[in-house]
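Note: the block below is work_18.cif and it holds mmCIF, C-alpha atoms.
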data_work
#
loop_
_atom_site.label_atom_id
_atom_site.label_comp_id
_atom_site.auth_asym_id
_atom_site.auth_seq_id
_atom_site.Cartn_x
_atom_site.Cartn_y
_atom_site.Cartn_z
CA MET A 975 117.33 100.89 98.79
CA GLY A 976 120.20 102.96 100.21
CA ALA A 977 119.52 101.52 103.66
CA GLY A 978 119.37 97.97 102.29
CA MET A 979 122.64 98.44 100.44
CA THR A 980 124.32 99.93 103.49
CA THR A 981 123.21 96.93 105.54
CA ASP A 982 124.79 94.55 103.04
CA LEU A 983 128.05 96.56 102.84
CA LEU A 984 128.35 96.63 106.65
CA LEU A 985 127.64 92.90 106.91
CA HIS A 986 130.63 92.37 104.60
CA GLY A 987 132.99 94.54 106.64
CA LEU A 988 132.96 97.66 104.45
CA ASP A 989 132.75 101.26 105.63
CA VAL A 990 129.91 103.31 104.15
CA VAL A 991 129.07 106.95 103.51
CA LEU A 992 125.28 107.22 103.21
CA VAL A 993 123.98 110.49 101.77
CA ASP A 994 120.42 111.80 101.84
CA LEU A 995 119.29 115.41 101.73
CA SER A 996 116.48 114.72 104.20
CA ALA A 997 117.38 114.49 107.90
CA GLY A 998 114.18 112.52 108.48
CA LYS A 999 115.08 109.93 105.85
CA LEU A 1000 118.61 109.61 107.21
CA ASP A 1001 117.21 109.00 110.68
CA SER A 1002 114.80 106.31 109.43
CA ALA A 1003 117.61 104.74 107.40
CA ARG A 1004 119.84 104.66 110.47
CA LYS A 1005 117.13 102.87 112.49
CA GLU A 1006 116.42 100.41 109.70
CA ILE A 1007 120.13 99.65 109.19
CA ILE A 1008 120.76 99.06 112.91
CA ARG A 1009 117.74 96.77 113.11
CA SER A 1010 118.62 94.81 109.95
CA VAL A 1011 122.31 94.35 110.84
CA ARG A 1012 121.44 93.30 114.42
CA PHE A 1013 118.92 90.70 113.31
CA ALA A 1014 120.61 89.59 110.07
CA PRO A 1015 122.12 86.44 111.71
CA LEU A 1016 118.55 85.18 112.00
CA LEU A 1017 118.37 84.89 108.22
CA LEU A 1018 122.01 84.69 107.20
CA LYS A 1019 124.15 82.33 109.24
CA THR A 1020 127.37 83.92 107.94
CA ALA A 1021 126.37 87.42 109.06
CA PRO A 1022 128.75 88.91 111.63
CA VAL A 1023 127.60 90.06 115.04
CA MET A 1024 127.84 93.85 115.17
CA SER A 1025 126.98 96.20 118.00
CA GLU A 1026 125.11 99.45 117.45
CA ASP A 1027 128.34 101.33 118.18
CA GLU A 1028 130.24 99.40 115.51
CA ILE A 1029 127.50 100.04 112.97
CA VAL A 1030 127.51 103.76 113.68
CA GLN A 1031 131.32 103.88 113.65
CA LYS A 1032 131.49 102.30 110.21
CA THR A 1033 128.77 104.47 108.68
CA LEU A 1034 128.81 108.18 108.01
CA PHE A 1035 125.22 109.43 107.77
CA THR A 1036 125.40 112.76 106.00
CA ALA A 1037 123.39 115.30 104.03
CA SER A 1038 126.45 116.45 102.11
CA LEU A 1039 127.23 114.73 98.81
CA HIS A 1040 130.78 116.08 99.09
CA ASP A 1041 131.45 113.51 101.85
CA VAL A 1042 131.73 110.76 99.19
CA HIS A 1043 134.89 112.29 97.72
CA ASP A 1044 137.12 109.67 99.43
CA CYS A 1045 135.02 106.62 98.55
CA ASP A 1046 136.50 103.82 96.40
CA PHE A 1047 133.20 103.21 94.63
CA ILE A 1048 130.06 105.33 94.52
CA VAL A 1049 126.57 103.88 94.09
CA GLU A 1050 123.82 106.35 93.22
CA ASN A 1051 120.34 105.47 94.52
CA VAL A 1052 118.43 108.66 93.80
CA THR A 1053 114.72 108.46 93.04
CA GLU A 1054 113.67 107.76 89.42
CA GLU A 1055 113.38 111.44 88.52
CA TRP A 1056 115.73 112.65 85.85
CA LYS A 1057 116.14 116.18 87.30
CA ALA A 1058 117.23 114.73 90.64
CA LYS A 1059 119.69 112.31 89.02
CA GLU A 1060 121.03 115.09 86.81
CA ARG A 1061 121.83 117.30 89.81
CA VAL A 1062 123.63 114.45 91.60
CA TYR A 1063 125.79 113.37 88.64
CA LYS A 1064 126.85 116.92 87.90
CA VAL A 1065 128.17 117.24 91.47
CA LEU A 1066 129.73 113.75 91.51
CA ASP A 1067 131.60 114.56 88.33
CA THR A 1068 133.39 117.40 90.06
CA ILE A 1069 134.16 115.80 93.44
CA ALA A 1070 135.11 112.15 92.79
CA SER A 1071 138.69 111.14 91.93
CA PRO A 1072 139.20 110.35 88.23
CA GLU A 1073 139.86 106.66 88.98
CA VAL A 1074 136.64 106.18 90.95
CA CYS A 1075 133.72 104.50 89.16
CA PHE A 1076 130.00 105.01 89.61
CA GLY A 1077 127.30 102.40 89.88
CA MET A 1078 123.86 103.64 88.95
CA ASN A 1079 121.31 101.68 90.96
CA THR A 1080 118.27 102.43 88.90
CA SER A 1081 115.01 100.75 88.04
CA CYS A 1082 114.61 102.04 84.51
CA THR A 1083 116.73 105.06 83.59
CA SER A 1084 119.15 104.64 80.70
CA ILE A 1085 122.76 104.28 81.82
CA THR A 1086 123.95 105.82 78.56
CA MET A 1087 121.77 108.90 79.14
CA ALA A 1088 123.11 109.35 82.69
CA GLY A 1089 126.64 108.80 81.37
CA SER A 1090 126.20 111.85 79.14
CA LEU A 1091 126.25 113.98 82.31
CA LEU A 1092 129.80 112.87 83.16
CA SER A 1093 133.03 114.16 81.67
CA ASP A 1094 134.07 110.49 81.36
CA PRO A 1095 130.99 108.30 80.73
CA SER A 1096 133.11 105.15 80.64
CA ARG A 1097 133.20 105.30 84.48
CA LEU A 1098 129.46 104.68 84.83
CA VAL A 1099 127.86 101.23 84.98
CA GLY A 1100 124.30 100.25 85.82
CA VAL A 1101 123.81 97.97 88.80
CA HIS A 1102 120.35 96.89 89.77
CA PHE A 1103 120.26 95.56 93.33
CA MET A 1104 117.08 93.81 94.47
CA ASN A 1105 115.45 93.88 97.88
CA PRO A 1106 116.29 92.61 100.46
CA VAL A 1107 119.83 93.33 99.25
CA PHE A 1108 121.69 91.22 101.83
CA LEU A 1109 119.68 88.11 100.93
CA LYS A 1110 119.90 88.38 97.15
CA PRO A 1111 122.86 86.53 95.61
CA THR A 1112 122.72 88.11 92.14
CA VAL A 1113 122.40 91.57 90.61
CA GLU A 1114 121.55 92.77 87.12
CA VAL A 1115 124.49 94.75 85.70
CA ILE A 1116 123.90 97.09 82.78
CA ARG A 1117 126.60 98.08 80.34
CA GLY A 1118 126.03 101.61 79.02
CA TYR A 1119 127.19 102.58 75.54
CA HIS A 1120 130.48 103.97 76.91
CA THR A 1121 130.93 101.76 80.00
CA SER A 1122 134.51 100.46 80.02
CA VAL A 1123 135.75 96.96 80.77
CA GLU A 1124 137.74 98.46 83.68
CA THR A 1125 134.57 99.92 85.21
CA ILE A 1126 132.80 96.57 85.04
CA ALA A 1127 135.90 94.97 86.61
CA GLN A 1128 135.82 97.50 89.48
CA LEU A 1129 132.15 96.78 90.10
CA ASP A 1130 132.92 93.07 90.01
CA ILE A 1131 135.48 93.51 92.80
CA LEU A 1132 132.82 95.17 94.95
CA LEU A 1133 130.22 92.51 94.12
CA ARG A 1134 132.66 89.71 94.99
CA GLN A 1135 133.24 91.36 98.36
CA LEU A 1136 129.48 91.17 98.87
CA GLY A 1137 129.44 87.52 97.75
CA LYS A 1138 127.26 88.35 94.77
CA GLY A 1139 127.23 87.20 91.18
CA SER A 1140 126.01 89.28 88.25
CA ILE A 1141 124.22 89.00 84.95
CA ILE A 1142 125.52 91.60 82.48
CA VAL A 1143 123.06 92.99 79.93
CA ASN A 1144 123.00 95.88 77.48
CA ASP A 1145 121.40 99.26 78.02
CA TYR A 1146 117.83 100.08 77.10
CA PRO A 1147 115.46 101.65 79.65
CA GLY A 1148 114.17 99.09 82.15
CA PHE A 1149 116.89 96.62 81.01
CA VAL A 1150 115.56 93.07 81.37
CA SER A 1151 114.07 92.97 84.88
CA ASN A 1152 111.89 96.05 85.05
CA ARG A 1153 111.00 96.27 81.38
CA ILE A 1154 109.18 92.98 81.93
CA SER A 1155 108.14 93.13 85.61
CA HIS A 1156 106.49 96.55 85.29
CA LEU A 1157 104.25 95.26 82.50
CA PHE A 1158 103.11 92.52 84.86
CA MET A 1159 102.47 94.96 87.72
CA ASN A 1160 100.73 97.55 85.55
CA GLU A 1161 98.46 95.00 83.88
CA ALA A 1162 97.65 93.44 87.27
CA MET A 1163 96.43 96.89 88.34
CA TYR A 1164 94.25 97.17 85.21
CA VAL A 1165 92.77 93.78 86.08
CA VAL A 1166 91.81 95.10 89.53
CA GLN A 1167 90.59 98.41 88.10
CA ASP A 1168 88.37 96.53 85.61
CA GLN A 1169 87.00 94.41 88.47
CA VAL A 1170 88.13 91.20 86.85
CA ALA A 1171 89.57 90.03 90.17
CA GLU A 1172 90.46 91.18 93.69
CA PRO A 1173 94.17 91.86 94.47
CA GLU A 1174 94.35 88.67 96.57
CA GLN A 1175 93.12 86.61 93.60
CA VAL A 1176 95.56 88.18 91.15
CA ASP A 1177 98.50 87.52 93.47
CA ALA A 1178 97.28 84.01 94.32
CA ILE A 1179 97.35 83.08 90.62
CA PHE A 1180 100.98 84.18 90.36
CA LYS A 1181 101.95 82.37 93.56
CA LYS A 1182 99.87 79.21 93.38
CA CYS A 1183 99.78 78.67 89.62
CA PHE A 1184 103.08 80.18 88.44
CA GLY A 1185 105.03 79.41 91.62
CA HIS A 1186 106.24 82.99 92.17
CA THR A 1187 107.19 83.95 95.74
CA LEU A 1188 105.23 87.22 95.55
CA GLY A 1189 102.38 88.32 93.29
CA PRO A 1190 102.67 91.48 91.13
CA LEU A 1191 100.53 93.63 93.45
CA GLU A 1192 102.39 92.52 96.59
CA THR A 1193 105.60 93.30 94.72
CA ALA A 1194 104.34 96.74 93.73
CA ASP A 1195 103.36 97.45 97.36
CA LEU A 1196 106.84 96.37 98.47
CA ILE A 1197 108.64 98.54 95.90
CA GLY A 1198 106.38 101.54 96.59
CA LEU A 1199 103.54 102.53 94.26
CA ASP A 1200 105.07 105.97 93.64
CA THR A 1201 108.31 104.32 92.50
CA VAL A 1202 106.40 101.95 90.22
CA MET A 1203 104.50 104.92 88.76
CA HIS A 1204 107.75 106.86 88.15
CA SER A 1205 109.34 103.83 86.52
CA LEU A 1206 106.37 103.34 84.19
CA GLU A 1207 106.58 107.01 83.26
CA VAL A 1208 110.27 106.58 82.39
CA LEU A 1209 109.49 103.48 80.31
CA PHE A 1210 106.60 105.21 78.51
CA GLU A 1211 108.66 108.32 77.85
CA SER A 1212 111.61 106.24 76.62
CA TYR A 1213 109.82 103.86 74.25
CA GLN A 1214 106.72 105.95 73.41
CA ASP A 1215 104.92 102.62 73.47
CA PRO A 1216 101.35 102.56 74.88
CA LYS A 1217 101.97 99.20 76.51
CA PHE A 1218 103.78 101.17 79.26
CA ARG A 1219 100.90 103.63 79.88
CA CYS A 1220 100.43 103.97 83.62
CA CYS A 1221 97.19 102.45 84.96
CA PRO A 1222 94.82 105.23 86.16
CA LEU A 1223 94.13 103.26 89.35
CA LEU A 1224 97.85 103.37 90.18
CA ARG A 1225 97.93 107.16 89.73
CA LYS A 1226 94.82 107.57 91.87
CA MET A 1227 96.34 105.49 94.68
CA VAL A 1228 99.61 107.42 94.58
CA TYR A 1229 97.80 110.80 94.69
CA ALA A 1230 95.71 109.49 97.62
CA GLY A 1231 98.93 108.74 99.52
CA ASN A 1232 98.43 104.97 99.38
CA LEU A 1233 102.02 104.13 98.45
CA GLY A 1234 102.14 100.50 99.56
CA ARG A 1235 104.00 98.96 102.46
CA LYS A 1236 105.92 102.14 103.38
CA SER A 1237 102.73 104.19 103.89
CA GLY A 1238 100.80 101.36 105.58
CA LYS A 1239 98.35 101.00 102.70
CA GLY A 1240 98.48 100.11 99.05
CA PHE A 1241 96.68 97.18 97.48
CA TYR A 1242 96.88 95.72 101.00
CA GLU A 1243 97.10 97.15 104.51
CA TYR A 1244 100.25 96.86 106.65
CA VAL A 1245 101.22 97.45 110.24
CA ASN A 1246 104.37 99.57 110.27
CA ASP A 1247 106.52 99.62 113.40
CA MET B 469 99.81 72.59 131.00
CA GLU B 470 97.86 75.42 132.60
CA THR B 471 97.42 78.58 130.59
CA SER B 472 97.73 81.82 132.52
CA VAL B 473 96.20 85.16 131.60
CA LYS B 474 99.73 86.37 130.86
CA ASP B 475 100.21 83.54 128.31
CA LEU B 476 97.02 84.49 126.52
CA THR B 477 98.06 88.12 126.40
CA ILE B 478 101.42 87.33 124.81
CA ALA B 479 99.99 84.82 122.36
CA GLU B 480 97.06 87.03 121.48
CA SER B 481 99.22 90.10 120.93
CA VAL B 482 101.55 88.14 118.68
CA LYS B 483 98.66 86.60 116.76
CA GLU B 484 97.06 90.01 116.30
CA PHE B 485 100.32 91.44 114.95
CA ILE B 486 100.82 88.54 112.52
CA LEU B 487 97.22 88.57 111.30
CA LYS B 488 97.44 92.28 110.55
CA ASN B 489 100.38 91.53 108.26
CA VAL B 490 99.24 88.37 106.49
CA ARG B 491 95.61 88.99 105.57
CA LEU B 492 94.36 85.69 107.00
CA SER B 493 91.35 85.45 109.30
CA ASP B 494 93.06 83.06 111.75
CA ILE B 495 96.25 81.07 112.39
CA ALA B 496 96.66 78.10 114.71
CA GLU B 497 99.05 78.73 117.60
CA ASP B 498 101.28 75.81 116.63
CA GLU B 499 101.30 76.48 112.88
CA ASP B 500 104.79 76.93 111.40
CA LEU B 501 104.70 80.43 109.95
CA PHE B 502 107.71 80.00 107.69
CA ASP B 503 107.35 76.37 106.53
CA LYS B 504 103.72 76.95 105.62
CA GLY B 505 104.65 80.10 103.70
CA ILE B 506 102.33 82.24 105.87
CA VAL B 507 105.09 84.84 106.10
CA ASN B 508 108.42 85.20 104.31
CA SER B 509 111.67 84.93 106.21
CA LEU B 510 112.16 88.70 106.14
CA PHE B 511 109.04 89.05 108.26
CA SER B 512 110.99 87.49 111.14
CA ILE B 513 112.92 90.78 111.48
CA GLN B 514 109.63 92.68 111.74
CA LEU B 515 108.38 90.16 114.27
CA VAL B 516 111.50 90.37 116.45
CA THR B 517 111.32 94.16 116.37
CA PHE B 518 107.67 94.02 117.42
CA ILE B 519 108.45 91.59 120.27
CA GLU B 520 111.23 93.78 121.66
CA LYS B 521 108.99 96.84 121.69
CA LYS B 522 105.79 95.21 122.85
CA PHE B 523 107.23 93.17 125.73
CA ASN B 524 110.14 95.45 126.54
CA ILE B 525 112.77 92.75 126.20
CA VAL B 526 116.12 92.66 124.43
CA VAL B 527 116.64 89.94 121.83
CA GLY B 528 120.32 89.03 122.01
CA ILE B 529 122.53 87.35 119.44
CA GLU B 530 122.14 84.03 121.28
CA ASP B 531 118.36 84.29 120.76
CA LEU B 532 118.58 84.70 116.99
CA ASP B 533 117.34 81.24 116.15
CA ILE B 534 114.40 81.04 113.75
CA GLY B 535 112.99 78.28 115.98
CA ASN B 536 112.19 80.92 118.61
CA PHE B 537 109.90 82.73 116.18
CA LYS B 538 108.48 79.97 113.96
CA SER B 539 105.00 79.86 115.54
CA ILE B 540 102.82 81.79 117.97
CA ASN B 541 103.52 79.15 120.62
CA ALA B 542 107.27 79.38 120.03
CA VAL B 543 107.19 83.16 120.41
CA ASN B 544 105.04 82.84 123.53
CA ASN B 545 107.54 80.45 125.12
CA PHE B 546 110.47 82.60 124.09
CA VAL B 547 108.97 85.82 125.49
CA GLN B 548 108.02 84.08 128.72
CA SER B 549 111.55 82.76 129.19
CA LYS B 550 113.00 86.22 128.56
CA LEU B 551 110.56 87.86 130.98
CA ALA B 552 111.41 85.23 133.61
CA THR B 553 115.07 86.25 133.50
CA VAL B 554 114.40 90.00 133.81
#

What is this file in structure tokens?
Amino acid sequence: MGAGMTTDLLLHGLDVVLVDLSAGKLDSARKEIIRSVRFAPLLLKTAPVMSEDEIVQKTLFTASLHDVHDCDFIVENVTEEWKAKERVYKVLDTIASPEVCFGMNTSCTSITMAGSLLSDPSRLVGVHFMNPVFLKPTVEVIRGYHTSVETIAQLDILLRQLGKGSIIVNDYPGFVSNRISHLFMNEAMYVVQDQVAEPEQVDAIFKKCFGHTLGPLETADLIGLDTVMHSLEVLFESYQDPKFRCCPLLRKMVYAGNLGRKSGKGFYEYVND
Amino acid sequence: METSVKDLTIAESVKEFILKNVRLSDIAEDEDLFDKGIVNSLFSIQLVTFIEKKFNIVVGIEDLDIGNFKSINAVNNFVQSKLATV
């Protein structure tokens, strides 16, 4: 998601500091960003033409979180693991200027809970970007318990620069989008596990009968099955409701390394370049 | 129009790549991949990346027209024209 966001920011003329602790992930992100920005005009007529040099000049790829200290707005995209998010917010709280706001790009984690890690929780707002970021006109914005009007206004300035609208909702884990979509994905996996239908049939019903662009299993493969599993764990932990119990087939696939599109195999097989 | 061995190789390579990504058993060479919903528009970026690598060509900004990539035949013609100018 960090790479997708960076692509969108660059396409709208903004400079970006992209942080990841893994050199390998930074390298893959760099390749993906260059490729997406180069070929974006194919899908988005308003996309500017940018050379590889320009892309690299406008993006700082770094393993040091301290490099964000000069940024006007900071979007956190860390994996859905509380310990990891906790470490990041504790550092951000000490290095960002007091007037800078944070956007938490999360699938399920409570904005209010993450806000409790900051000395001023009013500076944190949830912002749920969807893939592919540069082609999606709208984001889900989540108001935490302490999120201030000023913070939402700052996020709105950024979103306007990206040509995006927003739908503002209140904070409960999973918000609107993932609280509902993960039930679909999880139950679709139970249907496959129980041999009610093949993955192709499940997805075909969503596409051909409901008119969805992607079926729930294709969507899960696209998101990453490990991410879907983590999100379901957060939802289950948060609500203590068995409807969010993670399908055993999903766990088995994740442990087997079949993570979906990114690993080349999930409910379907993919050719990765 | 005569079909050369080179044509078949380009078309076949492209077809093979697409089929591996769409889980269909076959696609007609003139079938519109995007209009028919065989692939989504984002797949075009994957396809262009594949074409550059496979045929060792550079896709320039002036080539970024979805018409160049809408079918196996379109890709075949596009790659041939690029190879002819190398």

State, in Å with one decimal place, the distance from CA of Phe502 (chain B) to CA of Ser1025 (chain A).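 Computing it gives 27.2 Å between the two atoms.
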
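Using only C-alpha atoms, one finds that the residues of chain A close to chain B, at 9 Å or less, are Arg1009, Ser1010, Arg1012, Phe1013, Ala1014, Pro1015, Leu1016, Leu1017, Val1023, Pro1106, Thr1187, Tyr1242, Glu1243, Tyr1244, Val1245, Asn1246 and Asp1247 of chain A.
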
Between CA of Glu1124 (chain A) and CA of Leu1136 (chain A), what is the spacing in Å? 18.8 Å

The PyMOL selection byres ((chain A and resi 989-995) around 10) on the file shown: which residues, as a PyMOL selection string? chain A and resi 976-977+979-981+983-988+996-1001+1003-1004+1029-1045+1048-1052

Give me the result of the PyMOL selection byres ((chain A and resi 1167-1176) around 8) on this file, residue by residue, as a PyMOL selection string. chain A and resi 1162-1166+1177-1180+1189-1191+1223+1241

Can I get the selected residues back with C-alpha atoms, as an mmCIF file, keeping the file's coordinate frame?
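Wrote it out as result29.cif, contents follow:
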data_model
loop_
_atom_site.group_PDB
_atom_site.id
_atom_site.type_symbol
_atom_site.label_atom_id
_atom_site.label_comp_id
_atom_site.auth_asym_id
_atom_site.auth_seq_id
_atom_site.Cartn_x
_atom_site.Cartn_y
_atom_site.Cartn_z
ATOM 1 C CA ALA A 1162 97.650 93.440 87.270
ATOM 2 C CA MET A 1163 96.430 96.890 88.340
ATOM 3 C CA TYR A 1164 94.250 97.170 85.210
ATOM 4 C CA VAL A 1165 92.770 93.780 86.080
ATOM 5 C CA VAL A 1166 91.810 95.100 89.530
ATOM 6 C CA ASP A 1177 98.500 87.520 93.470
ATOM 7 C CA ALA A 1178 97.280 84.010 94.320
ATOM 8 C CA ILE A 1179 97.350 83.080 90.620
ATOM 9 C CA PHE A 1180 100.980 84.180 90.360
ATOM 10 C CA GLY A 1189 102.380 88.320 93.290
ATOM 11 C CA PRO A 1190 102.670 91.480 91.130
ATOM 12 C CA LEU A 1191 100.530 93.630 93.450
ATOM 13 C CA LEU A 1223 94.130 103.260 89.350
ATOM 14 C CA PHE A 1241 96.680 97.180 97.480
#

If I take CA of Pro1111 (chain A) and CA of Asn1144 (chain A), how far is one from the other in Å, to one decimal?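 Computing it gives 20.4 Å between the two atoms.
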
Output the residue selection produced by the PyMOL selection byres ((chain A and resi 1213) around 12) on the file above, formatted as a list in words.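 Checking the PyMOL selection byres ((chain A and resi 1213) around 12) against this file, the residues are Cys1082, Thr1083, Ser1084, Tyr1146, Pro1147, Gly1148, Arg1153, Leu1206, Glu1207, Val1208, Leu1209, Phe1210, Glu1211, Ser1212, Gln1214, Asp1215, Pro1216, Lys1217, Phe1218 and Arg1219 of chain A.
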
Contacts of Lys538 (chain B) within 8 Å, all atoms listed in the file, excl. fewer than 5 positions in-chain, as a PyMOL selection string: chain B and resi 500-502+543

Could you give me the centre and size, in Å to one decimal, of an axis-aligned box around all listed atoms of region 1100-1115 of chain A with 6 Å added on every side, as JSON?
{"center_x": 120.0, "center_y": 93.4, "center_z": 93.8, "size_x": 21.0, "size_y": 25.7, "size_z": 28.1}
